[in-house]
Number of protein chains: 2
Amino acid sequence: MASPNEESTLIWLRREPAGRRPRYSREQIARAALTIADAEGFDAVTMKRISAELGAGTMTLYYYVRNKADIVTLMQDAILEDVLIPAEELPEGWREGVTAISRRTWDVLTRHPWSISSLNQAQFGPNAMRHYEQSLAVLRHTNLTGQQKIELTAIVDAHVAGNAIHAIETQERIRAAASDPTLIQDAMAYGQKLVAGGDFPELQALAASPPDQAEEPEAAVSARFTEGLATRFTKGLAALLDGLERSYAITSTG
Amino acid sequence: MASPNEESTLIWLRREPAGRRPRYSREQIARAALTIADAEGFDAVTMKRISAELGAGTMTLYYYVRNKADIVTLMQDAILEDVLIPAEELPEGWREGVTAISRRTWDVLTRHPWSISSLNQAQFGPNAMRHYEQSLAVLRHTNLTGQQKIELTAIVDAHVAGNAIHAIETQERIRAAASDPTLIQDAMAYGQKLVAGGDFPELQALAASPPDQAEEPEAAVSARFTEGLATRFTKGLAALLDGLERSYAITSTG
DNA sequence: CTCTTTGCCGTACATGGTACGACCACTATA
DNA sequence: TATAGTGGTCGTACCATGTACGGCAAAGAG
């Protein structure tokens with residue numbers, strides 16, 4: 001039997017140094033890492049970089065945290081905090097509730113493009129738990145069984161995550177293209193080469209039609225794109241909920 | 001003006017060594033990498049490891065490929081080949097077609113868990129192009145405009161990817177738990193601790209009900225889970241298509 | 001004032017990607 | 001057949017990153 005509560009594999013079960021006068025805190029560390037990730041991408045989040053940001057030695061971090069994965073876990077949990085909707089702001093109906101939560105989740109994930117690259121390394125945390133609880137709570141006054149609530153939440157969450165990834169990738173592509181036009185040129189060249197081969201009639205047909213809205217300030221293009229992604233997401237989500245409402249025969253029992 | 005076609009940023013536009021008698025080929029390299037990834041996970045895919053698999057020196061790979069990202073690109077494209085549906089097997093209606101493609105995509109992605117971890121590093125390739133073409137082709141005999149086809153495809157693709165990720169994560173968690181029971185124990189301990197705090201009424205309610213189907217051979221549990229994930233995916237997809245059919249007022253013009 | 005604990009961090013090592021350039025064998029030309 | 005060039009292989013070396021280890025100083029306890 002291990003000593004109570006210490007040396008767990010979960011950071012959430014290991015107490016944070018709080019004894020005499022620790023100079024830093026897990027929260028500070030997470031915040032620093034987050035700042036870096038948002039500004040320079042996930043790859044820039046390095047133990048050295050984080051510690052430098054805090055004015056500490058690299059190894060100091062290991063006093064607060066077991067390894068880098070722990071820090072990533074903290075980061076994920078930090079952004080999941082933003083995903084939570086204050087109780088007062090939660091709309092009434094199940095459908096409005098799910099929509100609000102999903103929309104907010106998508107927003108937050110999209111605002112933190114690194115959230116995708118870091119997916120594999122993170123662990124379930126308290127805010128994930130709260131998010132889950134909230135997602136279920138929204139379904140309270142429906143005729144769904146517990147298993148059905150779980151299922152529906154899983155489906156919707158997966159949908160949201162998938163669309164967030166899609167949006168992030170698109171945005172990243174735009175950014176990359178802006179900083180290095182060669183990328184686009186090459187991609188276009190390759191695409192055209194393939195299409196010219198004649199094996200892609202559908203794509204060929206599409207390539208012919210759109211009115212190439214060139215000549216627009218970079219920022220505008222980017223902004224319109226992001227907007228477009230958001231409305232596309234909204235549309236898809238509505239369709240999904242429509243279908244789910246039907247197939248589960250969901251009714252309000254409020 | 002650069003020399004024609006050489007030194008592109010895209011591997012697809014750089015010719016493969018084929019002159020005198022190259023000992024290897026990009027395809028071989030990709031296959032080797034794929035084998036390793038499937039067997040030992042993406043992290044095991046190392047330049048040294050790949051070359052060892054081929055019986056070559058590490059640096060030899062760089063004669064066929066510019067860098068590791070290129071190899072990842074080749075890997076992705078390789079599995080996308082499996083995603084393509086032979087023309088004869090494509091069902092008639094748009095809905096059946098989309099379902100078949102989506103289902104197959106989900107299957108393949110799920111069978112290659114590393115496809116997720118490698119998302120960020122890969123580039124669009126020929127098989128991605130074919131997959132896209134096929135997705136559009138299935139919508140040919142409908143009343144959708146070109147933009148709508150693109151939109152719908154994007155939505156469905158994102159949905160599929162999201163669900164695949166979800167499934168993969170679940171499976172990975174199961175595997176991890178199987179190899180190290182401590183993980184589950186800790187997670188359960190933490191979960192219960194949180195729930196005991198009283199702030200998670202919905203989760204508490206759910207935790208009470210399910211008939212803890214313990215005492216089942218590991219393999220069986222895992223298999224049932226996978227199956228469950230697949231049917232869940234099918235259900236969600238059907239709902240999504242239902243909703244999309246309605247909101248786009250899709251009709252067949254076949 | 002001494003001893004123990006807390007907290008900080010320099011050093012060192014393992015691993016992974018990759019730039020550079022030596023080296024060998026084959027082929028074309030003289 | 002000798003020579004020069006070129007296609008293909010790979011050893012060495014360098015850099016970046018995560019982290020184990022252990023020393024050290026300061027704070028508190030006795």
# chains A, B, ... in the order shown; residues from 1 in each chain; ligands from 1

call {"tool": "closest_atom_pairs", "arguments": {"of": "chain B", "to": "chain A", "cutoff": "7 Å", "atoms": "only C-alpha atoms", "output": "JSON lines"}}
result
{"residue": "B:Ser8", "atom": "CA", "partner": "A:Asp186", "partner_atom": "CA", "distance": 6.7}
{"residue": "B:Thr9", "atom": "CA", "partner": "A:Leu183", "partner_atom": "CA", "distance": 6.7}
{"residue": "B:Leu10", "atom": "CA", "partner": "A:Asp186", "partner_atom": "CA", "distance": 6.7}
{"residue": "B:Leu13", "atom": "CA", "partner": "A:Tyr190", "partner_atom": "CA", "distance": 6.8}
{"residue": "B:Ser117", "atom": "CA", "partner": "A:Asn120", "partner_atom": "CA", "distance": 6.6}
{"residue": "B:Asn120", "atom": "CA", "partner": "A:Ser117", "partner_atom": "CA", "distance": 6.6}
{"residue": "B:Glu133", "atom": "CA", "partner": "A:Glu202", "partner_atom": "CA", "distance": 6.1}
{"residue": "B:Leu136", "atom": "CA", "partner": "A:Glu202", "partner_atom": "CA", "distance": 6.4}
{"residue": "B:Ala137", "atom": "CA", "partner": "A:Glu202", "partner_atom": "CA", "distance": 6.2}
{"residue": "B:Gly146", "atom": "CA", "partner": "A:Leu206", "partner_atom": "CA", "distance": 6.2}
{"residue": "B:Ile155", "atom": "CA", "partner": "A:Gly236", "partner_atom": "CA", "distance": 6.1}
{"residue": "B:Ala158", "atom": "CA", "partner": "A:Gly162", "partner_atom": "CA", "distance": 4.7}
{"residue": "B:His159", "atom": "CA", "partner": "A:His159", "partner_atom": "CA", "distance": 4.8}
{"residue": "B:Ala161", "atom": "CA", "partner": "A:Gly162", "partner_atom": "CA", "distance": 5.5}
{"residue": "B:Gly162", "atom": "CA", "partner": "A:Gly162", "partner_atom": "CA", "distance": 3.6}
{"residue": "B:Asn163", "atom": "CA", "partner": "A:Ala158", "partner_atom": "CA", "distance": 5.0}
{"residue": "B:His166", "atom": "CA", "partner": "A:Ala158", "partner_atom": "CA", "distance": 6.0}
{"residue": "B:Leu183", "atom": "CA", "partner": "A:Thr9", "partner_atom": "CA", "distance": 6.7}
{"residue": "B:Asp186", "atom": "CA", "partner": "A:Leu10", "partner_atom": "CA", "distance": 6.7}
{"residue": "B:Tyr190", "atom": "CA", "partner": "A:Leu13", "partner_atom": "CA", "distance": 6.8}
{"residue": "B:Phe200", "atom": "CA", "partner": "A:Glu133", "partner_atom": "CA", "distance": 6.2}
{"residue": "B:Glu202", "atom": "CA", "partner": "A:Glu133", "partner_atom": "CA", "distance": 6.1}
{"residue": "B:Leu203", "atom": "CA", "partner": "A:Glu133", "partner_atom": "CA", "distance": 6.2}
{"residue": "B:Leu206", "atom": "CA", "partner": "A:Gly146", "partner_atom": "CA", "distance": 6.2}
{"residue": "B:Gly236", "atom": "CA", "partner": "A:Ile155", "partner_atom": "CA", "distance": 6.1}
{"residue": "B:Ala239", "atom": "CA", "partner": "A:Gly243", "partner_atom": "CA", "distance": 4.0}
{"residue": "B:Leu240", "atom": "CA", "partner": "A:Leu240", "partner_atom": "CA", "distance": 4.2}
{"residue": "B:Asp242", "atom": "CA", "partner": "A:Gly243", "partner_atom": "CA", "distance": 5.3}
{"residue": "B:Gly243", "atom": "CA", "partner": "A:Ala239", "partner_atom": "CA", "distance": 4.0}
{"residue": "B:Leu244", "atom": "CA", "partner": "A:Ala239", "partner_atom": "CA", "distance": 5.2}
{"residue": "B:Ser247", "atom": "CA", "partner": "A:Ala239", "partner_atom": "CA", "distance": 6.7}

call {"tool": "write_last_selection", "arguments": {"atoms": "C-alpha atoms", "output": "PDB file, in the first residue's frame"}}
result
ATOM      1  CA  SER B   8       9.636  21.756 -54.915  1.00  0.00           C
ATOM      2  CA  THR B   9       8.312  21.956 -51.386  1.00  0.00           C
ATOM      3  CA  LEU B  10       5.976  19.126 -52.282  1.00  0.00           C
ATOM      4  CA  LEU B  13       6.587  17.266 -57.397  1.00  0.00           C
ATOM      5  CA  SER B 117      -0.871  11.751 -34.013  1.00  0.00           C
ATOM      6  CA  ASN B 120      -0.243  17.940 -38.272  1.00  0.00           C
ATOM      7  CA  GLU B 133     -13.054  13.461 -56.047  1.00  0.00           C
ATOM      8  CA  LEU B 136     -17.926  14.741 -54.819  1.00  0.00           C
ATOM      9  CA  ALA B 137     -18.744  12.217 -57.513  1.00  0.00           C
ATOM     10  CA  GLY B 146     -20.871  23.065 -56.441  1.00  0.00           C
ATOM     11  CA  ILE B 155     -18.937  18.760 -42.868  1.00  0.00           C
ATOM     12  CA  ALA B 158     -14.944  16.539 -40.293  1.00  0.00           C
ATOM     13  CA  HIS B 159     -17.588  14.442 -38.615  1.00  0.00           C
ATOM     14  CA  ALA B 161     -12.486  12.417 -38.566  1.00  0.00           C
ATOM     15  CA  GLY B 162     -13.800  13.548 -35.213  1.00  0.00           C
ATOM     16  CA  ASN B 163     -15.474  10.243 -34.577  1.00  0.00           C
ATOM     17  CA  HIS B 166     -12.767   9.655 -30.494  1.00  0.00           C
ATOM     18  CA  LEU B 183      -3.812   3.986 -14.583  1.00  0.00           C
ATOM     19  CA  ASP B 186      -5.890   6.239 -10.251  1.00  0.00           C
ATOM     20  CA  TYR B 190      -9.809  10.656  -8.825  1.00  0.00           C
ATOM     21  CA  PHE B 200     -21.402  16.303 -10.276  1.00  0.00           C
ATOM     22  CA  GLU B 202     -25.479  13.925 -13.330  1.00  0.00           C
ATOM     23  CA  LEU B 203     -22.342  11.841 -13.320  1.00  0.00           C
ATOM     24  CA  LEU B 206     -25.026   7.666 -14.072  1.00  0.00           C
ATOM     25  CA  GLY B 236     -24.404   9.484 -35.576  1.00  0.00           C
ATOM     26  CA  ALA B 239     -28.478  11.301 -38.021  1.00  0.00           C
ATOM     27  CA  LEU B 240     -26.142  13.819 -39.584  1.00  0.00           C
ATOM     28  CA  ASP B 242     -30.712  12.930 -42.170  1.00  0.00           C
ATOM     29  CA  GLY B 243     -30.333  16.452 -40.986  1.00  0.00           C
ATOM     30  CA  LEU B 244     -28.280  17.501 -43.986  1.00  0.00           C
ATOM     31  CA  SER B 247     -31.607  21.337 -44.470  1.00  0.00           C
TER      32      SER B 247
END

call {"tool": "closest_atom_pairs", "arguments": {"of": "chain A", "to": "chain C", "cutoff": "9 Å", "atoms": "only C-alpha atoms (C1' of nucleotides)", "output": "JSON lines"}}
result
{"residue": "A:Gly19", "atom": "CA", "partner": "C:DT6", "partner_atom": "C1'", "distance": 7.8}
{"residue": "A:Arg20", "atom": "CA", "partner": "C:DT6", "partner_atom": "C1'", "distance": 6.9}
{"residue": "A:Arg21", "atom": "CA", "partner": "C:DG7", "partner_atom": "C1'", "distance": 8.2}
{"residue": "A:Pro22", "atom": "CA", "partner": "C:DG7", "partner_atom": "C1'", "distance": 6.7}
{"residue": "A:Arg23", "atom": "CA", "partner": "C:DG7", "partner_atom": "C1'", "distance": 8.4}
{"residue": "A:Ala56", "atom": "CA", "partner": "C:DC9", "partner_atom": "C1'", "distance": 8.3}
{"residue": "A:Gly57", "atom": "CA", "partner": "C:DC9", "partner_atom": "C1'", "distance": 5.5}
{"residue": "A:Thr58", "atom": "CA", "partner": "C:DC9", "partner_atom": "C1'", "distance": 7.3}
{"residue": "A:Met59", "atom": "CA", "partner": "C:DC9", "partner_atom": "C1'", "distance": 5.9}
{"residue": "A:Thr60", "atom": "CA", "partner": "C:DC8", "partner_atom": "C1'", "distance": 6.0}
{"residue": "A:Tyr63", "atom": "CA", "partner": "C:DG7", "partner_atom": "C1'", "distance": 7.8}

call {"tool": "closest_atom_pairs", "arguments": {"of": "chain D", "to": "chain B", "cutoff": "9 Å", "atoms": "only C-alpha atoms (C1' of nucleotides)", "output": "Markdown table"}}
result
| residue | atom | partner | partner_atom | distance |
| --- | --- | --- | --- | --- |
| D:DG7 | C1' | B:Arg20 | CA | 6.7 |
| D:DG8 | C1' | B:Pro22 | CA | 6.7 |
| D:DT9 | C1' | B:Thr60 | CA | 6.0 |
| D:DC10 | C1' | B:Gly57 | CA | 5.4 |
| D:DG11 | C1' | B:Gly57 | CA | 9.0 |

call {"tool": "write_last_selection", "arguments": {"atoms": "C-alpha atoms (C1' of nucleotides)", "output": "CSV table (one decimal), in the first residue's frame"}}
result
chain,number,residue,atom,x,y,z
D,7,DG,C1',24.6,7.9,-58.8
D,8,DG,C1',23.9,6.0,-54.5
D,9,DT,C1',25.4,4.8,-49.6
D,10,DC,C1',26.4,6.1,-45.1
D,11,DG,C1',29.8,7.5,-41.1

call {"tool": "select_by_dssp", "arguments": {"residues": "region 35-233 of chain B", "states": "alpha helix (DSSP H)", "output": "number ranges by chain"}}
result
B: 35-40, 47-54, 61-64, 68-83, 94-111, 114-117, 126-137, 146-179, 181-196, 201-208, 218-233

call {"tool": "closest_residue", "arguments": {"among": "B:Glu89, B:Pro181, B:Tyr62, B:Thr99", "to": "Ser25 (chain B)", "atoms": "only C-alpha atoms"}}
result
B:Tyr62

call {"tool": "residues_around", "arguments": {"residues": "Ala128 (chain A)", "least_positions_apart": "5", "cutoff": "9 Å", "atoms": "only C-alpha atoms (C1' of nucleotides)", "output": "list in words"}}
result
Gln76, Asp77, Leu80, Glu81 and Glu133 of chain A

call {"tool": "residues_around", "arguments": {"residues": "Ala39 (chain B)", "least_positions_apart": "4", "cutoff": "12 Å", "atoms": "only C-alpha atoms (C1' of nucleotides)", "output": "ChimeraX atom specification"}}
result
/B:32-35,43-45,111-114

call {"tool": "decode", "arguments": {"residues": "chain D", "atoms": "N, CA and C atoms (P, O5', C5', C4', C3', O3' and C1' of nucleotides)", "output": "compact mmCIF listing (two decimals), in the first residue's frame"}}
result
# COMPACT_ATOMS: atom_id res chain seq x y z
P DT D 1 41.01 -4.89 -70.64
O5' DT D 1 42.17 -3.97 -70.15
C5' DT D 1 43.15 -3.55 -71.13
C4' DT D 1 43.43 -2.10 -70.92
C3' DT D 1 43.24 -1.61 -69.46
O3' DT D 1 44.31 -0.73 -69.15
C1' DT D 1 41.96 -0.29 -70.90
P DA D 2 44.60 -0.36 -67.65
O5' DA D 2 44.41 1.22 -67.69
C5' DA D 2 45.31 2.00 -68.46
C4' DA D 2 44.81 3.43 -68.52
C3' DA D 2 44.62 4.09 -67.15
O3' DA D 2 45.07 5.45 -67.26
C1' DA D 2 42.56 4.09 -68.30
P DT D 3 45.01 6.39 -65.98
O5' DT D 3 43.69 7.22 -66.21
C5' DT D 3 43.47 7.86 -67.48
C4' DT D 3 42.23 8.71 -67.41
C3' DT D 3 41.99 9.39 -66.07
O3' DT D 3 41.59 10.73 -66.31
C1' DT D 3 40.07 8.16 -66.68
P DA D 4 41.56 11.79 -65.13
O5' DA D 4 40.05 12.30 -65.28
C5' DA D 4 39.53 12.54 -66.58
C4' DA D 4 38.01 12.59 -66.52
C3' DA D 4 37.47 13.38 -65.32
O3' DA D 4 36.42 14.19 -65.80
C1' DA D 4 36.57 11.21 -65.30
P DG D 5 35.74 15.28 -64.92
O5' DG D 5 34.28 14.69 -64.69
C5' DG D 5 33.48 14.42 -65.84
C4' DG D 5 32.35 13.48 -65.47
C3' DG D 5 31.42 14.02 -64.36
O3' DG D 5 30.10 13.88 -64.86
C1' DG D 5 32.08 11.81 -63.88
P DT D 6 28.93 14.83 -64.28
O5' DT D 6 27.83 13.80 -63.81
C5' DT D 6 27.69 12.56 -64.51
C4' DT D 6 27.20 11.50 -63.55
C3' DT D 6 26.31 12.03 -62.41
O3' DT D 6 25.26 11.10 -62.27
C1' DT D 6 27.94 10.63 -61.54
P DG D 7 23.78 11.52 -61.99
O5' DG D 7 23.21 10.20 -61.31
C5' DG D 7 23.47 8.96 -61.95
C4' DG D 7 23.51 7.85 -60.92
C3' DG D 7 22.45 7.97 -59.83
O3' DG D 7 21.95 6.67 -59.59
C1' DG D 7 24.60 7.89 -58.83
P DG D 8 20.64 6.47 -58.72
O5' DG D 8 21.30 6.10 -57.33
C5' DG D 8 21.91 4.81 -57.20
C4' DG D 8 22.65 4.74 -55.91
C3' DG D 8 21.82 4.96 -54.64
O3' DG D 8 21.78 3.72 -53.96
C1' DG D 8 23.94 6.01 -54.52
P DT D 9 21.21 3.58 -52.48
O5' DT D 9 22.53 3.74 -51.60
C5' DT D 9 23.53 2.74 -51.70
C4' DT D 9 24.56 2.94 -50.62
C3' DT D 9 24.01 2.99 -49.19
O3' DT D 9 24.72 2.03 -48.42
C1' DT D 9 25.44 4.84 -49.58
P DC D 10 24.17 1.65 -47.00
O5' DC D 10 24.98 2.67 -46.08
C5' DC D 10 26.40 2.64 -46.12
C4' DC D 10 26.94 3.83 -45.36
C3' DC D 10 26.32 4.04 -43.96
O3' DC D 10 27.38 4.22 -43.06
C1' DC D 10 26.43 6.05 -45.12
P DG D 11 27.44 3.43 -41.74
O5' DG D 11 28.74 4.04 -41.05
C5' DG D 11 29.96 4.12 -41.79
C4' DG D 11 30.76 5.34 -41.37
C3' DG D 11 30.72 5.62 -39.86
O3' DG D 11 32.03 6.04 -39.46
C1' DG D 11 29.85 7.50 -41.06
P DT D 12 32.29 6.42 -37.95
O5' DT D 12 32.16 8.00 -37.91
C5' DT D 12 32.79 8.76 -38.94
C4' DT D 12 32.56 10.24 -38.70
C3' DT D 12 32.50 10.66 -37.23
O3' DT D 12 33.32 11.80 -37.06
C1' DT D 12 30.59 11.47 -38.37
P DA D 13 33.48 12.46 -35.61
O5' DA D 13 32.52 13.73 -35.75
C5' DA D 13 32.57 14.51 -36.93
C4' DA D 13 31.51 15.60 -36.83
C3' DA D 13 31.37 16.18 -35.43
O3' DA D 13 31.27 17.59 -35.54
C1' DA D 13 29.28 15.38 -36.18
P DC D 14 31.31 18.50 -34.26
O5' DC D 14 29.86 19.16 -34.27
C5' DC D 14 29.41 19.77 -35.47
C4' DC D 14 27.93 20.09 -35.33
C3' DC D 14 27.58 20.66 -33.95
O3' DC D 14 26.93 21.90 -34.11
C1' DC D 14 26.13 18.89 -34.54
P DC D 15 26.68 22.82 -32.84
O5' DC D 15 25.11 22.80 -32.76
C5' DC D 15 24.32 22.99 -33.94
C4' DC D 15 22.89 22.55 -33.63
C3' DC D 15 22.43 23.04 -32.25
O3' DC D 15 21.19 23.71 -32.38
C1' DC D 15 22.06 20.71 -32.49
P DA D 16 20.62 24.46 -31.06
O5' DA D 16 19.27 23.68 -30.77
C5' DA D 16 18.42 23.31 -31.85
C4' DA D 16 17.40 22.32 -31.32
C3' DA D 16 16.82 22.71 -29.96
O3' DA D 16 15.41 22.57 -30.05
C1' DA D 16 17.75 20.52 -29.88
P DT D 17 14.48 23.18 -28.97
O5' DT D 17 14.11 21.94 -28.04
C5' DT D 17 13.41 20.85 -28.60
C4' DT D 17 13.50 19.66 -27.69
C3' DT D 17 13.16 19.92 -26.22
O3' DT D 17 11.89 19.36 -25.96
C1' DT D 17 15.00 18.42 -26.49
P DG D 18 11.16 19.62 -24.59
O5' DG D 18 11.53 18.27 -23.81
C5' DG D 18 10.97 17.06 -24.26
C4' DG D 18 11.47 15.91 -23.42
C3' DG D 18 11.15 16.02 -21.93
O3' DG D 18 10.80 14.73 -21.44
C1' DG D 18 13.49 15.87 -22.23
P DT D 19 10.12 14.63 -20.02
O5' DT D 19 11.38 14.29 -19.10
C5' DT D 19 12.07 13.07 -19.33
C4' DT D 19 13.36 13.04 -18.57
C3' DT D 19 13.25 13.34 -17.06
O3' DT D 19 14.01 12.37 -16.38
C1' DT D 19 15.00 14.51 -17.98
P DA D 20 13.28 11.50 -15.29
O5' DA D 20 14.52 10.79 -14.57
C5' DA D 20 15.36 9.94 -15.32
C4' DA D 20 16.76 9.91 -14.73
C3' DA D 20 16.81 9.88 -13.20
O3' DA D 20 17.86 8.99 -12.82
C1' DA D 20 17.99 11.79 -13.99
P DC D 21 18.05 8.59 -11.29
O5' DC D 21 19.23 9.54 -10.83
C5' DC D 21 20.28 9.82 -11.74
C4' DC D 21 21.26 10.81 -11.13
C3' DC D 21 21.25 10.89 -9.60
O3' DC D 21 22.57 10.73 -9.15
C1' DC D 21 21.08 13.06 -10.54
P DG D 22 22.86 10.32 -7.61
O5' DG D 22 23.61 11.62 -7.09
C5' DG D 22 24.47 12.30 -7.97
C4' DG D 22 24.55 13.76 -7.58
C3' DG D 22 24.55 13.99 -6.06
O3' DG D 22 25.64 14.84 -5.75
C1' DG D 22 22.97 15.38 -7.10
P DG D 23 26.19 15.03 -4.29
O5' DG D 23 26.57 16.57 -4.31
C5' DG D 23 27.20 17.10 -5.46
C4' DG D 23 26.89 18.58 -5.57
C3' DG D 23 27.08 19.33 -4.25
O3' DG D 23 27.73 20.56 -4.53
C1' DG D 23 24.88 19.66 -5.04
P DC D 24 28.40 21.40 -3.32
O5' DC D 24 27.33 22.57 -3.08
C5' DC D 24 26.97 23.42 -4.17
C4' DC D 24 25.77 24.26 -3.78
C3' DC D 24 25.85 24.83 -2.35
O3' DC D 24 25.71 26.24 -2.41
C1' DC D 24 23.73 23.85 -2.76
P DA D 25 26.27 27.14 -1.20
O5' DA D 25 25.05 28.11 -0.93
C5' DA D 25 24.36 28.67 -2.03
C4' DA D 25 22.92 28.95 -1.62
C3' DA D 25 22.80 29.64 -0.26
O3' DA D 25 21.82 30.65 -0.37
C1' DA D 25 21.53 27.66 -0.26
P DA D 26 21.85 31.87 0.70
O5' DA D 26 20.35 31.88 1.22
C5' DA D 26 19.29 31.76 0.30
C4' DA D 26 18.12 31.11 1.00
C3' DA D 26 17.78 31.72 2.37
O3' DA D 26 16.40 31.90 2.41
C1' DA D 26 18.01 29.39 2.57
P DA D 27 15.73 32.92 3.50
O5' DA D 27 14.69 31.96 4.22
C5' DA D 27 13.83 31.18 3.42
C4' DA D 27 13.23 30.07 4.25
C3' DA D 27 12.74 30.55 5.63
O3' DA D 27 11.46 30.01 5.83
C1' DA D 27 14.24 28.71 5.86
P DG D 28 10.43 30.77 6.81
O5' DG D 28 10.49 29.81 8.10
C5' DG D 28 9.81 28.58 7.98
C4' DG D 28 10.55 27.53 8.76
C3' DG D 28 10.28 27.54 10.26
O3' DG D 28 9.42 26.44 10.53
C1' DG D 28 12.53 26.96 9.71
P DA D 29 8.82 26.23 12.00
O5' DA D 29 9.79 25.11 12.58
C5' DA D 29 9.97 23.89 11.84
C4' DA D 29 10.76 22.90 12.68
C3' DA D 29 10.37 22.90 14.16
O3' DA D 29 10.44 21.57 14.65
C1' DA D 29 12.66 23.57 13.92
P DG D 30 9.88 21.26 16.08
O5' DG D 30 11.18 21.15 16.97
C5' DG D 30 12.13 20.11 16.70
C4' DG D 30 13.38 20.35 17.55
C3' DG D 30 13.06 20.83 18.96
O3' DG D 30 12.96 19.70 19.85
C1' DG D 30 14.87 22.08 17.98
